[in-house]
Amino acid sequence: MAIRDNNFSNDDPGNRFGRFLFLSKNIDLHAVELAITGDILLWAQNANVDWEEICSETRRKKYDAMGAFQDFQWKQEECKKLYQKAKFLLKAIIAKYDNAGEIGVAYSIDGRTPRTREGIETVVDDLIRQHDIYVAEADPWVLPNNVVDELRTFRTEMGNLHSDAATKRERAKVARKAMKKRFLDDTRRLKLIYGMAILVWGVQSPYFLDLGMLPKSKVWTKKRPPSPENFRFDSEARIFHWFSIEGADSYEAHYREAGGSGHWTAFYEGAENSCPPPEGLSGNFDFRVRAIAKGKEGRWSGGIEAEI
């Protein structure tokens, strides 16, 4: 993902990793000049690896929790369906008895089947408990033991899966907090290195790019790309060149008569950071170019005069 500014606090995880790739690779080239030593140097040398590890661990725990809750939800649905079948069968069994209503209340099958985990666990537990009571009393209005045993197994598995999912969700929450704390700590370290670099280089040095940062001229404003740098015309090759801008989708080049103040005419729009002059043009003309990113038009480069 393109690095567009030095507002480190607004980085997303991808931007932060992109910065760290440059920082860890190149910090040794500039550490002496910038007086970066000790813990901050060690951190910078390993920032990309450490950040990748903590992001990977956070993602792994997030997906572990999601998978565990999906397994639980499937088991909950299976348990609910089995309960409904058992409930239907049990109602058919007790229908012939004069005290069918009382039996139904005892089994807690006189209402609708709940949808929530707590509700399903309660009605299943009530049915199993009452079944055991009636079996002990040798009452005839009971389900086949294999049906209740299967329901008992599903209820146990459902509870275990929920406990596992809750544990993994808590671990994912802890990992997210650790990642957030690391992000804030790393942001402070980046600001420190940026400030140290400004003291030595000023704000326009191209060396900022080595550290995953930008010189002031390359900073995007209001999400618009900056003006292309080093716009020039190669008269021998008859081609315009300029420095590419990371994250730009395309470029647009215009011309008008040299020294004029009138309307500019577009003659190039494309993804390449070079283009030939307009066909059929002859004389002295002013030229300029700008970048475009996601429909946002950037600032124009400084104009140049070229003889075509």
# chains A, B, ... in the order shown; residues from 1 in each chain; ligands from 1

call {"tool": "residues_around", "arguments": {"residues": "segment 69-81 of chain A", "least_positions_apart": "2", "cutoff": "9 Å", "atoms": "only C-alpha atoms", "output": "PDB file with C-alpha atoms, in the first residue's frame"}}
result
ATOM      1  CA  ASP A  64      -9.273 -19.340  15.670  1.00  0.00           C
ATOM      2  CA  ALA A  65     -12.044 -17.603  17.604  1.00  0.00           C
ATOM      3  CA  MET A  66     -14.218 -17.224  14.517  1.00  0.00           C
ATOM      4  CA  GLY A  67     -13.788 -20.908  13.654  1.00  0.00           C
ATOM      5  CA  TYR A  83     -34.414 -31.358  20.865  1.00  0.00           C
ATOM      6  CA  GLN A  84     -37.314 -30.399  18.613  1.00  0.00           C
ATOM      7  CA  LYS A  85     -37.546 -33.983  17.338  1.00  0.00           C
ATOM      8  CA  ALA A  86     -37.405 -35.330  20.893  1.00  0.00           C
ATOM      9  CA  THR A 113     -38.295 -23.897  21.458  1.00  0.00           C
ATOM     10  CA  PRO A 114     -35.843 -21.122  22.416  1.00  0.00           C
ATOM     11  CA  ARG A 115     -33.325 -19.720  19.953  1.00  0.00           C
ATOM     12  CA  ARG A 117     -27.828 -20.676  23.715  1.00  0.00           C
ATOM     13  CA  ILE A 120     -31.658 -24.156  24.480  1.00  0.00           C
ATOM     14  CA  VAL A 124     -32.550 -29.536  27.144  1.00  0.00           C
ATOM     15  CA  LEU A 151     -29.444 -35.409  23.306  1.00  0.00           C
ATOM     16  CA  PHE A 154     -25.120 -33.036  21.981  1.00  0.00           C
ATOM     17  CA  ARG A 155     -25.762 -30.871  25.049  1.00  0.00           C
ATOM     18  CA  GLU A 157     -20.569 -31.060  23.166  1.00  0.00           C
ATOM     19  CA  MET A 158     -22.436 -27.787  22.732  1.00  0.00           C
ATOM     20  CA  GLY A 159     -21.328 -26.583  26.181  1.00  0.00           C
ATOM     21  CA  ASN A 160     -17.721 -27.624  25.605  1.00  0.00           C
ATOM     22  CA  LEU A 161     -17.579 -25.916  22.220  1.00  0.00           C
ATOM     23  CA  HIS A 162     -19.007 -22.723  23.681  1.00  0.00           C
ATOM     24  CA  ASP A 164     -13.639 -23.266  23.928  1.00  0.00           C
ATOM     25  CA  ALA A 165     -14.974 -20.475  21.716  1.00  0.00           C
ATOM     26  CA  ALA A 166     -15.260 -18.069  24.655  1.00  0.00           C
ATOM     27  CA  LYS A 168     -10.383 -18.243  22.144  1.00  0.00           C
ATOM     28  CA  ARG A 169     -12.386 -15.026  21.864  1.00  0.00           C
TER      29      ARG A 169
END

call {"tool": "residues_around", "arguments": {"residues": "Phe17 of chain A", "least_positions_apart": "2", "cutoff": "10 Å", "atoms": "only C-alpha atoms", "output": "list in words"}}
result
Met1, Asp11, Asp12, Pro13, Gly14, Asn15, Arg19, Phe20, Leu21, Phe22, Leu23, Ala47, Asn48, Val49, Asp50, Trp51, Glu52, Cys55 and Gly212 of chain A

call {"tool": "write_last_selection", "arguments": {"atoms": "N, CA and C atoms", "output": "PDB file, in the first residue's frame"}}
result
ATOM      1  N   MET A   1       0.847  -1.196   0.000  1.00  0.00           N
ATOM      2  CA  MET A   1       0.000   0.000   0.000  1.00  0.00           C
ATOM      3  C   MET A   1       0.880   1.243   0.000  1.00  0.00           C
ATOM      4  N   ASP A  11      -1.605   5.357  10.260  1.00  0.00           N
ATOM      5  CA  ASP A  11      -1.253   4.171   9.478  1.00  0.00           C
ATOM      6  C   ASP A  11      -2.266   3.054   9.698  1.00  0.00           C
ATOM      7  N   ASP A  12      -2.547   2.297   8.645  1.00  0.00           N
ATOM      8  CA  ASP A  12      -3.217   1.028   8.839  1.00  0.00           C
ATOM      9  C   ASP A  12      -2.125  -0.037   8.931  1.00  0.00           C
ATOM     10  N   PRO A  13      -2.455  -1.278   9.291  1.00  0.00           N
ATOM     11  CA  PRO A  13      -1.396  -2.294   9.455  1.00  0.00           C
ATOM     12  C   PRO A  13      -0.540  -2.480   8.214  1.00  0.00           C
ATOM     13  N   GLY A  14      -1.140  -2.381   7.030  1.00  0.00           N
ATOM     14  CA  GLY A  14      -0.378  -2.545   5.799  1.00  0.00           C
ATOM     15  C   GLY A  14       0.606  -1.410   5.569  1.00  0.00           C
ATOM     16  N   ASN A  15       0.155  -0.169   5.787  1.00  0.00           N
ATOM     17  CA  ASN A  15       1.048   0.981   5.668  1.00  0.00           C
ATOM     18  C   ASN A  15       2.209   0.891   6.655  1.00  0.00           C
ATOM     19  N   ARG A  19       6.213   0.815   5.780  1.00  0.00           N
ATOM     20  CA  ARG A  19       7.241   1.708   6.343  1.00  0.00           C
ATOM     21  C   ARG A  19       8.397   0.882   6.924  1.00  0.00           C
ATOM     22  N   PHE A  20       8.023  -0.142   7.679  1.00  0.00           N
ATOM     23  CA  PHE A  20       9.040  -0.915   8.388  1.00  0.00           C
ATOM     24  C   PHE A  20       9.943  -1.700   7.441  1.00  0.00           C
ATOM     25  N   LEU A  21       9.425  -2.093   6.282  1.00  0.00           N
ATOM     26  CA  LEU A  21      10.279  -2.781   5.315  1.00  0.00           C
ATOM     27  C   LEU A  21      11.470  -1.900   4.932  1.00  0.00           C
ATOM     28  N   PHE A  22      11.192  -0.623   4.664  1.00  0.00           N
ATOM     29  CA  PHE A  22      12.262   0.319   4.316  1.00  0.00           C
ATOM     30  C   PHE A  22      13.130   0.633   5.529  1.00  0.00           C
ATOM     31  N   LEU A  23      12.484   0.885   6.653  1.00  0.00           N
ATOM     32  CA  LEU A  23      13.214   1.284   7.847  1.00  0.00           C
ATOM     33  C   LEU A  23      14.220   0.212   8.271  1.00  0.00           C
ATOM     34  N   ALA A  47      12.077  -3.962  13.279  1.00  0.00           N
ATOM     35  CA  ALA A  47      10.691  -3.495  13.325  1.00  0.00           C
ATOM     36  C   ALA A  47       9.783  -4.264  12.378  1.00  0.00           C
ATOM     37  N   ASN A  48      10.255  -4.540  11.143  1.00  0.00           N
ATOM     38  CA  ASN A  48       9.392  -5.221  10.177  1.00  0.00           C
ATOM     39  C   ASN A  48       9.080  -6.646  10.617  1.00  0.00           C
ATOM     40  N   VAL A  49      10.081  -7.368  11.119  1.00  0.00           N
ATOM     41  CA  VAL A  49       9.862  -8.756  11.567  1.00  0.00           C
ATOM     42  C   VAL A  49       8.933  -8.785  12.777  1.00  0.00           C
ATOM     43  N   ASP A  50       9.175  -7.906  13.736  1.00  0.00           N
ATOM     44  CA  ASP A  50       8.352  -7.889  14.945  1.00  0.00           C
ATOM     45  C   ASP A  50       6.903  -7.530  14.631  1.00  0.00           C
ATOM     46  N   TRP A  51       6.712  -6.541  13.752  1.00  0.00           N
ATOM     47  CA  TRP A  51       5.354  -6.128  13.415  1.00  0.00           C
ATOM     48  C   TRP A  51       4.620  -7.231  12.655  1.00  0.00           C
ATOM     49  N   GLU A  52       5.310  -7.895  11.757  1.00  0.00           N
ATOM     50  CA  GLU A  52       4.692  -8.988  11.008  1.00  0.00           C
ATOM     51  C   GLU A  52       4.279 -10.117  11.948  1.00  0.00           C
ATOM     52  N   CYS A  55       1.166  -9.027  14.015  1.00  0.00           N
ATOM     53  CA  CYS A  55      -0.028  -9.003  13.159  1.00  0.00           C
ATOM     54  C   CYS A  55      -0.479 -10.418  12.827  1.00  0.00           C
ATOM     55  N   GLY A 212      11.126   4.738   5.159  1.00  0.00           N
ATOM     56  CA  GLY A 212       9.679   4.545   5.108  1.00  0.00           C
ATOM     57  C   GLY A 212       8.908   5.813   5.401  1.00  0.00           C
TER      58      GLY A 212
END

call {"tool": "residues_around", "arguments": {"residues": "Arg290 of chain A", "least_positions_apart": "6", "cutoff": "8 Å", "atoms": "only C-alpha atoms", "output": "ChimeraX atom specification"}}
result
/A:227-228,251-253,297-301

call {"tool": "residues_around", "arguments": {"residues": "segment 269-280 of chain A", "least_positions_apart": "6", "cutoff": "7 Å", "atoms": "only C-alpha atoms", "output": "ChimeraX atom specification"}}
result
/A:238-244,249-253

call {"tool": "write_last_selection", "arguments": {"atoms": "N, CA, C and O atoms", "output": "mmCIF file, in the first residue's frame"}}
result
data_model
loop_
_atom_site.group_PDB
_atom_site.id
_atom_site.type_symbol
_atom_site.label_atom_id
_atom_site.label_comp_id
_atom_site.auth_asym_id
_atom_site.auth_seq_id
_atom_site.Cartn_x
_atom_site.Cartn_y
_atom_site.Cartn_z
ATOM 1 N N ARG A 238 13.144 12.868 -27.830
ATOM 2 C CA ARG A 238 11.821 13.459 -28.024
ATOM 3 C C ARG A 238 10.783 12.796 -27.110
ATOM 4 O O ARG A 238 9.767 12.250 -27.546
ATOM 5 N N ILE A 239 11.073 12.905 -25.821
ATOM 6 C CA ILE A 239 10.164 12.298 -24.848
ATOM 7 C C ILE A 239 10.236 13.063 -23.530
ATOM 8 O O ILE A 239 11.295 13.551 -23.139
ATOM 9 N N PHE A 240 9.081 13.215 -22.875
ATOM 10 C CA PHE A 240 8.996 13.824 -21.553
ATOM 11 C C PHE A 240 9.139 12.728 -20.493
ATOM 12 O O PHE A 240 8.626 11.619 -20.652
ATOM 13 N N HIS A 241 9.821 13.060 -19.392
ATOM 14 C CA HIS A 241 9.971 12.142 -18.260
ATOM 15 C C HIS A 241 9.627 12.892 -16.977
ATOM 16 O O HIS A 241 9.756 14.110 -16.902
ATOM 17 N N TRP A 242 9.255 12.147 -15.955
ATOM 18 C CA TRP A 242 9.089 12.682 -14.609
ATOM 19 C C TRP A 242 9.140 11.516 -13.629
ATOM 20 O O TRP A 242 8.968 10.347 -13.999
ATOM 21 N N PHE A 243 9.403 11.836 -12.364
ATOM 22 C CA PHE A 243 9.454 10.798 -11.337
ATOM 23 C C PHE A 243 8.046 10.261 -11.087
ATOM 24 O O PHE A 243 7.083 11.034 -10.994
ATOM 25 N N SER A 244 7.958 8.941 -10.975
ATOM 26 C CA SER A 244 6.661 8.343 -10.682
ATOM 27 C C SER A 244 6.266 8.619 -9.233
ATOM 28 O O SER A 244 7.116 8.884 -8.376
ATOM 29 N N ASP A 249 -2.628 6.390 -10.088
ATOM 30 C CA ASP A 249 -3.214 5.499 -11.098
ATOM 31 C C ASP A 249 -2.819 5.914 -12.510
ATOM 32 O O ASP A 249 -2.686 5.073 -13.396
ATOM 33 N N SER A 250 -2.674 7.229 -12.715
ATOM 34 C CA SER A 250 -2.347 7.714 -14.054
ATOM 35 C C SER A 250 -1.763 9.122 -13.950
ATOM 36 O O SER A 250 -1.706 9.714 -12.862
ATOM 37 N N TYR A 251 -1.346 9.629 -15.107
ATOM 38 C CA TYR A 251 -0.793 10.989 -15.201
ATOM 39 C C TYR A 251 -1.460 11.709 -16.369
ATOM 40 O O TYR A 251 -1.919 11.095 -17.334
ATOM 41 N N GLU A 252 -1.478 13.039 -16.258
ATOM 42 C CA GLU A 252 -2.078 13.875 -17.293
ATOM 43 C C GLU A 252 -1.112 15.009 -17.628
ATOM 44 O O GLU A 252 -0.621 15.686 -16.711
ATOM 45 N N ALA A 253 -0.808 15.194 -18.912
ATOM 46 C CA ALA A 253 0.125 16.231 -19.347
ATOM 47 C C ALA A 253 -0.597 17.224 -20.261
ATOM 48 O O ALA A 253 -1.424 16.826 -21.097
#

call {"tool": "residues_around", "arguments": {"residues": "Val148 of chain A", "least_positions_apart": "4", "cutoff": "12 Å", "atoms": "only C-alpha atoms", "output": "list in words"}}
result
Cys79, Leu82, Tyr83, Lys85, Ala86, Lys87, Leu89, Leu90, Val124, Asp125, Asp126, Leu127, Ile128, Arg129, Gln130, His131, Asp132, Val135, Val142, Leu143, Pro144, Arg152, Thr153, Phe154 and Arg155 of chain A

call {"tool": "closest_residue", "arguments": {"among": "A:Gly247, A:Ile109, A:Arg59, A:Thr156", "to": "Lys294 of chain A", "atoms": "only C-alpha atoms"}}
result
A:Gly247

call {"tool": "residues_around", "arguments": {"residues": "Glu246 of chain A", "least_positions_apart": "5", "cutoff": "12 Å", "atoms": "only C-alpha atoms", "output": "count of residues only"}}
result
21
